[in-house]
$ cat data-v9.csv   # CSV, C-alpha atoms and all ligand atoms
chain,number,residue,atom,x,y,z
A,1,MET,CA,58.3,38.3,107.3
A,2,ASP,CA,59.0,35.6,109.8
A,3,ASP,CA,60.5,32.5,108.5
A,4,LEU,CA,57.7,29.9,108.8
A,5,GLY,CA,59.8,27.0,107.9
A,6,PRO,CA,58.8,24.3,105.4
A,7,TYR,CA,55.2,23.8,104.5
A,8,ASP,CA,53.4,21.5,106.9
A,9,PRO,CA,49.9,20.3,105.7
A,10,THR,CA,48.7,19.4,109.2
A,11,VAL,CA,49.2,23.0,110.2
A,12,ASP,CA,49.2,25.1,107.1
A,13,TYR,CA,46.2,23.4,105.3
A,14,SER,CA,43.2,25.8,104.9
A,15,HIS,CA,39.9,24.3,106.0
A,16,GLU,CA,37.9,26.8,104.0
A,17,PRO,CA,35.5,25.3,101.4
A,18,ALA,CA,37.2,25.0,98.0
A,19,ILE,CA,34.2,26.5,96.2
A,20,LYS,CA,32.5,29.7,97.0
A,21,GLU,CA,29.4,31.3,95.6
A,22,ILE,CA,30.1,34.9,95.0
A,23,ARG,CA,27.1,37.2,94.9
A,24,PRO,CA,27.9,40.5,93.3
A,25,ASP,CA,25.8,42.4,95.9
A,26,ALA,CA,27.0,40.5,98.8
A,27,SER,CA,29.5,42.1,101.0
A,28,GLU,CA,30.8,38.8,102.0
A,29,ALA,CA,31.4,35.6,100.2
A,30,VAL,CA,28.7,33.0,101.0
A,31,SER,CA,30.2,29.7,101.9
A,32,TRP,CA,29.5,26.7,99.7
A,33,LYS,CA,27.3,24.2,101.4
A,34,PRO,CA,27.8,20.6,100.3
A,35,LEU,CA,24.7,18.6,99.3
A,36,ASN,CA,23.1,16.5,101.9
A,37,MET,CA,24.0,13.4,99.8
A,38,THR,CA,24.1,10.0,101.4
A,39,ARG,CA,24.9,6.9,99.5
A,40,ARG,CA,21.3,5.7,99.8
A,41,ASN,CA,20.0,9.0,98.4
A,42,PHE,CA,22.5,8.8,95.6
A,43,LEU,CA,21.4,5.3,94.6
A,44,ARG,CA,17.8,6.3,94.8
A,45,GLY,CA,18.5,9.1,92.4
A,46,VAL,CA,20.3,6.9,89.9
A,47,VAL,CA,17.4,4.3,89.9
A,48,CYS,CA,14.7,6.9,89.6
A,49,SER,CA,16.4,8.7,86.7
A,50,GLY,CA,16.9,5.3,85.0
A,51,VAL,CA,13.2,4.6,85.3
A,52,VAL,CA,12.3,8.0,83.9
A,53,ILE,CA,14.7,7.7,80.9
A,54,ALA,CA,13.4,4.2,80.1
A,55,GLY,CA,9.8,5.3,80.4
A,56,ALA,CA,10.5,8.2,78.1
A,57,GLY,CA,12.1,5.9,75.6
A,58,TYR,CA,9.0,3.6,75.7
A,59,VAL,CA,6.6,6.5,75.3
A,60,PHE,CA,8.4,8.0,72.4
A,61,SER,CA,9.5,4.9,70.5
A,62,HIS,CA,6.8,2.3,71.1
A,63,PRO,CA,4.3,2.1,68.3
A,64,THR,CA,0.9,3.2,69.2
A,65,LYS,CA,-1.9,0.6,69.2
A,66,ALA,CA,-3.5,2.2,66.2
A,67,ARG,CA,-0.2,1.9,64.3
A,68,ALA,CA,0.2,-1.7,65.4
A,69,ASP,CA,-3.4,-2.5,64.3
A,70,ALA,CA,-2.7,-0.9,60.9
A,71,ARG,CA,0.4,-3.0,60.4
A,72,ALA,CA,-1.6,-6.1,61.3
A,73,VAL,CA,-4.3,-5.3,58.7
A,74,GLU,CA,-1.5,-4.7,56.1
A,75,ARG,CA,-0.1,-8.2,56.9
A,76,LEU,CA,-3.5,-10.0,56.7
A,77,VAL,CA,-4.0,-12.0,53.5
A,78,SER,CA,-6.7,-14.4,52.3
A,79,LEU,CA,-5.5,-17.3,50.3
A,80,THR,CA,-7.3,-20.2,48.6
A,81,VAL,CA,-5.2,-23.2,49.2
A,82,ASN,CA,-6.4,-26.7,48.1
A,83,GLY,CA,-10.0,-25.4,47.8
A,84,ARG,CA,-10.1,-23.8,51.2
A,85,ARG,CA,-10.1,-20.1,52.0
A,86,ARG,CA,-7.4,-19.4,54.6
A,87,GLN,CA,-6.5,-16.2,56.3
A,88,VAL,CA,-3.0,-15.7,57.4
A,89,GLU,CA,-0.9,-12.8,58.8
A,90,ALA,CA,2.2,-12.6,56.6
A,91,PRO,CA,4.6,-9.7,56.2
A,92,PRO,CA,4.7,-8.3,52.6
A,93,ASN,CA,8.1,-9.9,52.0
A,94,GLU,CA,7.2,-13.4,53.0
A,95,THR,CA,7.4,-16.1,50.4
A,96,LEU,CA,4.5,-18.5,49.6
A,97,ALA,CA,6.7,-21.5,50.5
A,98,TYR,CA,7.2,-20.1,54.0
A,99,THR,CA,3.5,-19.3,54.5
A,100,LEU,CA,2.5,-22.8,53.3
A,101,ARG,CA,4.9,-24.6,55.4
A,102,TYR,CA,5.1,-22.6,58.6
A,103,ARG,CA,1.8,-20.8,58.9
A,104,LEU,CA,-0.5,-23.3,57.2
A,105,GLY,CA,1.3,-26.5,58.2
A,106,LEU,CA,1.5,-27.8,54.6
A,107,THR,CA,4.9,-29.3,54.8
A,108,GLY,CA,4.6,-31.3,51.6
A,109,THR,CA,6.0,-28.3,49.9
A,110,LYS,CA,9.8,-28.6,50.3
A,111,ILE,CA,12.4,-25.8,50.4
A,112,GLY,CA,15.6,-26.9,48.8
A,113,CYS,CA,17.6,-24.1,47.3
A,114,ASN,CA,15.2,-21.3,48.3
A,115,ARG,CA,16.4,-19.4,45.2
A,116,ALA,CA,14.4,-20.7,42.2
A,117,GLU,CA,16.8,-23.4,41.1
A,118,CYS,CA,15.6,-26.8,42.2
A,119,GLY,CA,11.8,-27.0,42.0
A,120,ALA,CA,11.3,-28.7,45.3
A,121,CYS,CA,8.9,-25.9,46.3
A,122,THR,CA,6.7,-26.2,43.2
A,123,VAL,CA,3.0,-25.5,43.6
A,124,MET,CA,0.3,-24.4,41.3
A,125,ALA,CA,-1.2,-20.9,41.1
A,126,ASP,CA,-4.3,-20.9,39.0
A,127,GLY,CA,-3.1,-24.1,37.4
A,128,VAL,CA,0.4,-22.8,36.5
A,129,SER,CA,3.4,-24.3,38.3
A,130,VAL,CA,5.4,-21.8,40.2
A,131,TYR,CA,8.4,-21.8,42.5
A,132,SER,CA,6.8,-20.9,45.8
A,133,CYS,CA,10.1,-20.0,47.3
A,134,SER,CA,10.3,-17.1,44.9
A,135,THR,CA,6.7,-16.1,45.0
A,136,LEU,CA,5.5,-13.5,47.5
A,137,THR,CA,2.4,-14.6,49.4
A,138,HIS,CA,0.7,-11.2,48.9
A,139,ARG,CA,1.1,-11.5,45.1
A,140,VAL,CA,-1.1,-14.7,44.9
A,141,ARG,CA,-3.9,-13.5,47.2
A,142,ASP,CA,-6.4,-13.8,44.3
A,143,LYS,CA,-5.2,-17.1,42.9
A,144,GLU,CA,-6.1,-20.7,43.6
A,145,ILE,CA,-3.1,-22.4,45.1
A,146,VAL,CA,-2.7,-26.2,44.9
A,147,THR,CA,0.0,-28.0,46.8
A,148,VAL,CA,0.9,-31.6,46.7
A,149,GLU,CA,-1.5,-32.2,49.6
A,150,GLY,CA,-4.3,-31.1,47.2
A,151,VAL,CA,-3.8,-33.3,44.2
A,152,ALA,CA,-5.3,-36.6,45.5
A,153,ALA,CA,-9.1,-37.1,45.4
A,154,PRO,CA,-11.0,-36.1,48.5
A,155,ASP,CA,-11.5,-39.8,49.4
A,156,GLY,CA,-7.7,-40.3,49.4
A,157,THR,CA,-7.4,-41.9,46.0
A,158,LEU,CA,-4.0,-41.0,44.6
A,159,HIS,CA,-3.8,-38.8,41.5
A,160,PRO,CA,-2.8,-40.9,38.4
A,161,VAL,CA,0.6,-39.1,38.5
A,162,GLN,CA,1.2,-40.1,42.1
A,163,GLN,CA,0.3,-43.7,41.3
A,164,ALA,CA,2.5,-43.7,38.2
A,165,PHE,CA,5.5,-42.4,40.1
A,166,ILE,CA,5.1,-45.2,42.6
A,167,ASP,CA,4.7,-47.7,39.9
A,168,GLU,CA,7.8,-46.5,38.1
A,169,ILE,CA,9.8,-46.2,41.4
A,170,GLY,CA,10.4,-42.4,40.9
A,171,PRO,CA,11.0,-41.4,44.5
A,172,GLN,CA,14.4,-42.4,45.9
A,173,CYS,CA,15.0,-40.1,48.9
A,174,GLY,CA,11.7,-38.4,48.0
A,175,PHE,CA,12.8,-34.8,48.7
A,176,CYS,CA,12.1,-33.7,45.2
A,177,THR,CA,8.9,-35.8,44.7
A,178,PRO,CA,6.3,-33.3,45.8
A,179,GLY,CA,7.6,-30.7,43.3
A,180,GLN,CA,7.8,-33.4,40.6
A,181,VAL,CA,4.2,-34.4,41.3
A,182,VAL,CA,2.9,-30.9,41.1
A,183,ALA,CA,4.9,-30.1,38.0
A,184,ALA,CA,3.6,-33.2,36.3
A,185,VAL,CA,0.0,-32.6,37.3
A,186,ALA,CA,0.2,-29.0,36.0
A,187,LEU,CA,1.5,-30.3,32.7
A,188,LEU,CA,-1.3,-32.9,32.3
A,189,ASN,CA,-4.0,-30.4,33.3
A,190,THR,CA,-3.0,-28.3,30.3
A,191,ASN,CA,-1.7,-31.0,28.0
A,192,PRO,CA,-3.1,-34.4,28.8
A,193,THR,CA,-1.2,-36.2,26.2
A,194,PRO,CA,2.3,-34.7,26.0
A,195,THR,CA,5.1,-36.0,23.8
A,196,LEU,CA,8.2,-37.3,25.6
A,197,ASP,CA,10.0,-34.0,24.7
A,198,GLU,CA,7.1,-31.9,25.9
A,199,ALA,CA,7.1,-33.8,29.2
A,200,ARG,CA,10.9,-33.5,29.5
A,201,LEU,CA,10.7,-29.8,28.9
A,202,ALA,CA,7.9,-29.4,31.4
A,203,MET,CA,9.8,-31.3,34.1
A,204,SER,CA,13.1,-29.6,33.4
A,205,GLY,CA,12.7,-27.1,36.2
A,206,ASN,CA,12.7,-29.9,38.8
A,207,LEU,CA,16.0,-31.2,39.9
A,208,CYS,CA,16.5,-34.6,41.4
A,209,ARG,CA,19.7,-35.2,43.4
A,210,CYS,CA,19.1,-38.9,43.3
A,211,GLY,CA,19.1,-38.8,39.5
A,212,ALA,CA,15.7,-40.5,39.1
A,213,TYR,CA,14.8,-38.4,36.0
A,214,ASP,CA,14.0,-41.3,33.8
A,215,HIS,CA,11.7,-42.8,36.4
A,216,TYR,CA,9.8,-39.6,36.8
A,217,LEU,CA,9.6,-39.2,33.1
A,218,ARG,CA,8.2,-42.7,32.5
A,219,GLY,CA,5.7,-41.9,35.3
A,220,VAL,CA,4.5,-38.8,33.5
A,221,MET,CA,4.0,-40.7,30.3
A,222,LYS,CA,2.3,-43.6,32.1
A,223,ALA,CA,-0.1,-41.1,33.8
A,224,ALA,CA,-0.8,-39.6,30.4
A,225,GLY,CA,-1.7,-43.1,29.0
A,226,ARG,CA,1.3,-42.9,26.6
A,227,ALA,CA,3.5,-45.6,28.1
A,301,LIG,S1,13.3,-24.3,46.9
A,301,LIG,FE1,12.2,-23.2,45.4
A,301,LIG,S2,13.3,-23.6,43.6
A,301,LIG,FE2,14.5,-24.6,45.1
A,302,LIG,S1,14.3,-38.6,44.7
A,302,LIG,FE1,15.9,-37.8,45.9
A,302,LIG,S2,16.2,-35.9,45.1
A,302,LIG,FE2,14.8,-36.8,43.8
$ encode --input "data-v9.csv" --output "structure tokens" --more "lines below"
Ligand code: FES
Ligand code: FES
Amino acid sequence: MDDLGPYDPTVDYSHEPAIKEIRPDASEAVSWKPLNMTRRNFLRGVVCSGVVIAGAGYVFSHPTKARADARAVERLVSLTVNGRRRQVEAPPNETLAYTLRYRLGLTGTKIGCNRAECGACTVMADGVSVYSCSTLTHRVRDKEIVTVEGVAAPDGTLHPVQQAFIDEIGPQCGFCTPGQVVAAVALLNTNPTPTLDEARLAMSGNLCRCGAYDHYLRGVMKAAGRA
């Protein structure tokens, strides 16, 4: 064999396609033909495949209208609040405090601790005082709810408890006051003439960061005609 000297890519490089399609019945190898791929075609392909994939995701994961309607019916709840029948859409895990404040605009009900400790969210359900932050809206659909907005007379005359709290200078910052009012009204509705100890016990679930406990207690006794 002749000595070809050192390998020279400019001369010795083979220009045959690197890939060949071999057909078993073919007497000759068929040359590989590169795709007619321009940059524009490539980008078009990428965009189109993206649209197809996104569309498939939407079709397979988006809830159908029937399913969405069923969910809406599940969320629909009728409540009687301060004597008015109200319909709201609330998920099953929504609290009454949230529904009252953010769906019905009854912001007199306060949220303090949001964990059944302070009483700022107290409302009445069928006359019984409850922490609305820890009561599910769907659980009270058949009950009469009364908030602090509903204790005064329709003509605006304050409830005796409200007037007594003002007279006894109960509210300091006022944050706990709506809960104190509702708890006191609930007490006097069931026990119009409580003893001081009964009143103290009934109001014990309502904390006051301003420490105005004696003022509120005197107000309860005054509203009960016992002070
Ligand atoms: S906010 Fe409901 S008990 Fe405190
Ligand atoms: S008046 Fe301020 S928390 Fe009771």
$ closest_residue --input "data-v9.csv" --among "A:Val182, A:Leu201, A:Cys118, A:Val151" --to "Asn82 (chain A)" --atoms "only C-alpha atoms"
A:Val151
$ closest_atom_pairs --input "data-v9.csv" --of "region 88-187 of chain A" --to "region 60-81 of chain A" --cutoff "8 Å" --atoms "all atoms listed in the file" --output "Markdown table"
| residue | atom | partner | partner_atom | distance |
| --- | --- | --- | --- | --- |
| A:Val88 | CA | A:Val77 | CA | 5.5 |
| A:Glu89 | CA | A:Leu76 | CA | 4.4 |
| A:Ala90 | CA | A:Arg75 | CA | 5.0 |
| A:Pro91 | CA | A:Arg75 | CA | 5.0 |
| A:Pro92 | CA | A:Arg75 | CA | 6.4 |
| A:His138 | CA | A:Val77 | CA | 6.6 |
| A:Val140 | CA | A:Leu79 | CA | 7.4 |
| A:Arg141 | CA | A:Leu79 | CA | 5.2 |
| A:Asp142 | CA | A:Leu79 | CA | 7.0 |
| A:Lys143 | CA | A:Thr80 | CA | 6.8 |
| A:Glu144 | CA | A:Thr80 | CA | 5.2 |
| A:Ile145 | CA | A:Val81 | CA | 4.7 |
| A:Val146 | CA | A:Val81 | CA | 5.8 |
| A:Thr147 | CA | A:Val81 | CA | 7.5 |
$ write_last_selection --input "data-v9.csv" --atoms "C-alpha atoms" --output "PDB file, in the coordinates of the input"
ATOM      1  CA  VAL A  88      -3.000 -15.700  57.400  1.00  0.00           C
ATOM      2  CA  GLU A  89      -0.900 -12.800  58.800  1.00  0.00           C
ATOM      3  CA  ALA A  90       2.200 -12.600  56.600  1.00  0.00           C
ATOM      4  CA  PRO A  91       4.600  -9.700  56.200  1.00  0.00           C
ATOM      5  CA  PRO A  92       4.700  -8.300  52.600  1.00  0.00           C
ATOM      6  CA  HIS A 138       0.700 -11.200  48.900  1.00  0.00           C
ATOM      7  CA  VAL A 140      -1.100 -14.700  44.900  1.00  0.00           C
ATOM      8  CA  ARG A 141      -3.900 -13.500  47.200  1.00  0.00           C
ATOM      9  CA  ASP A 142      -6.400 -13.800  44.300  1.00  0.00           C
ATOM     10  CA  LYS A 143      -5.200 -17.100  42.900  1.00  0.00           C
ATOM     11  CA  GLU A 144      -6.100 -20.700  43.600  1.00  0.00           C
ATOM     12  CA  ILE A 145      -3.100 -22.400  45.100  1.00  0.00           C
ATOM     13  CA  VAL A 146      -2.700 -26.200  44.900  1.00  0.00           C
ATOM     14  CA  THR A 147       0.000 -28.000  46.800  1.00  0.00           C
TER      15      THR A 147
END
$ closest_residue --input "data-v9.csv" --among "A:Ala152, A:Ala116, A:Ala223, A:Cys133" --to "Asn93 (chain A)" --atoms "only C-alpha atoms"
A:Cys133
$ closest_residue --input "data-v9.csv" --among "A:Ser134, A:Gln180, A:Ser129, A:Thr99" --to "ligand LIG 301 (chain A)" --atoms "all atoms listed in the file"
A:Ser134
$ closest_atom_pairs --input "data-v9.csv" --of "chain A" --to "ligand LIG 302 (chain A)" --cutoff "12 Å" --atoms "all atoms listed in the file" --output "Markdown table"
| residue | atom | partner | partner_atom | distance |
| --- | --- | --- | --- | --- |
| A:Lys110 | CA | A:LIG302 | S2 | 11.0 |
| A:Gly112 | CA | A:LIG302 | S2 | 9.7 |
| A:Cys118 | CA | A:LIG302 | S2 | 9.6 |
| A:Gly119 | CA | A:LIG302 | S2 | 10.4 |
| A:Ala120 | CA | A:LIG302 | S2 | 8.7 |
| A:Phe165 | CA | A:LIG302 | S1 | 10.6 |
| A:Ile166 | CA | A:LIG302 | S1 | 11.5 |
| A:Ile169 | CA | A:LIG302 | S1 | 9.4 |
| A:Gly170 | CA | A:LIG302 | S1 | 6.6 |
| A:Pro171 | CA | A:LIG302 | S1 | 4.3 |
| A:Gln172 | CA | A:LIG302 | S1 | 4.0 |
| A:Cys173 | CA | A:LIG302 | FE1 | 3.9 |
| A:Gly174 | CA | A:LIG302 | S1 | 4.2 |
| A:Phe175 | CA | A:LIG302 | S2 | 5.1 |
| A:Cys176 | CA | A:LIG302 | FE2 | 4.3 |
| A:Thr177 | CA | A:LIG302 | FE2 | 6.1 |
| A:Pro178 | CA | A:LIG302 | FE2 | 9.4 |
| A:Gly179 | CA | A:LIG302 | FE2 | 9.4 |
| A:Gln180 | CA | A:LIG302 | FE2 | 8.4 |
| A:Val181 | CA | A:LIG302 | FE2 | 11.2 |
| A:Asn206 | CA | A:LIG302 | FE2 | 8.8 |
| A:Leu207 | CA | A:LIG302 | FE2 | 6.9 |
| A:Cys208 | CA | A:LIG302 | FE2 | 3.7 |
| A:Arg209 | CA | A:LIG302 | S2 | 4.0 |
| A:Cys210 | CA | A:LIG302 | FE1 | 4.3 |
| A:Gly211 | CA | A:LIG302 | FE2 | 6.4 |
| A:Ala212 | CA | A:LIG302 | FE2 | 6.0 |
| A:Tyr213 | CA | A:LIG302 | FE2 | 8.0 |
| A:Asp214 | CA | A:LIG302 | FE2 | 11.0 |
| A:His215 | CA | A:LIG302 | S1 | 9.7 |
| A:Tyr216 | CA | A:LIG302 | FE2 | 9.0 |
$ closest_residue --input "data-v9.csv" --among "A:Leu196, A:Leu104, A:Leu187, A:Val148" --to "Leu217 (chain A)" --atoms "all atoms listed in the file"
A:Leu196
$ atom_distance --input "data-v9.csv" --atom1 "CA of Gly225 (chain A)" --atom2 "CA of Thr193 (chain A)"
7.5 Å
$ atom_distance --input "data-v9.csv" --atom1 "CA of Ala164 (chain A)" --atom2 "CA of Lys222 (chain A)"
6.1 Å
$ closest_residue --input "data-v9.csv" --among "A:Glu168, A:Arg103, A:Pro194, A:Glu117" --to "Val130 (chain A)" --atoms "all atoms listed in the file"
A:Glu117
$ atom_distance --input "data-v9.csv" --atom1 "CA of Tyr131 (chain A)" --atom2 "CA of Ser204 (chain A)"
12.9 Å
$ closest_residue --input "data-v9.csv" --among "A:Leu136, A:Ala227, A:Val128, A:Leu158" --to "Thr190 (chain A)" --atoms "only C-alpha atoms"
A:Val128
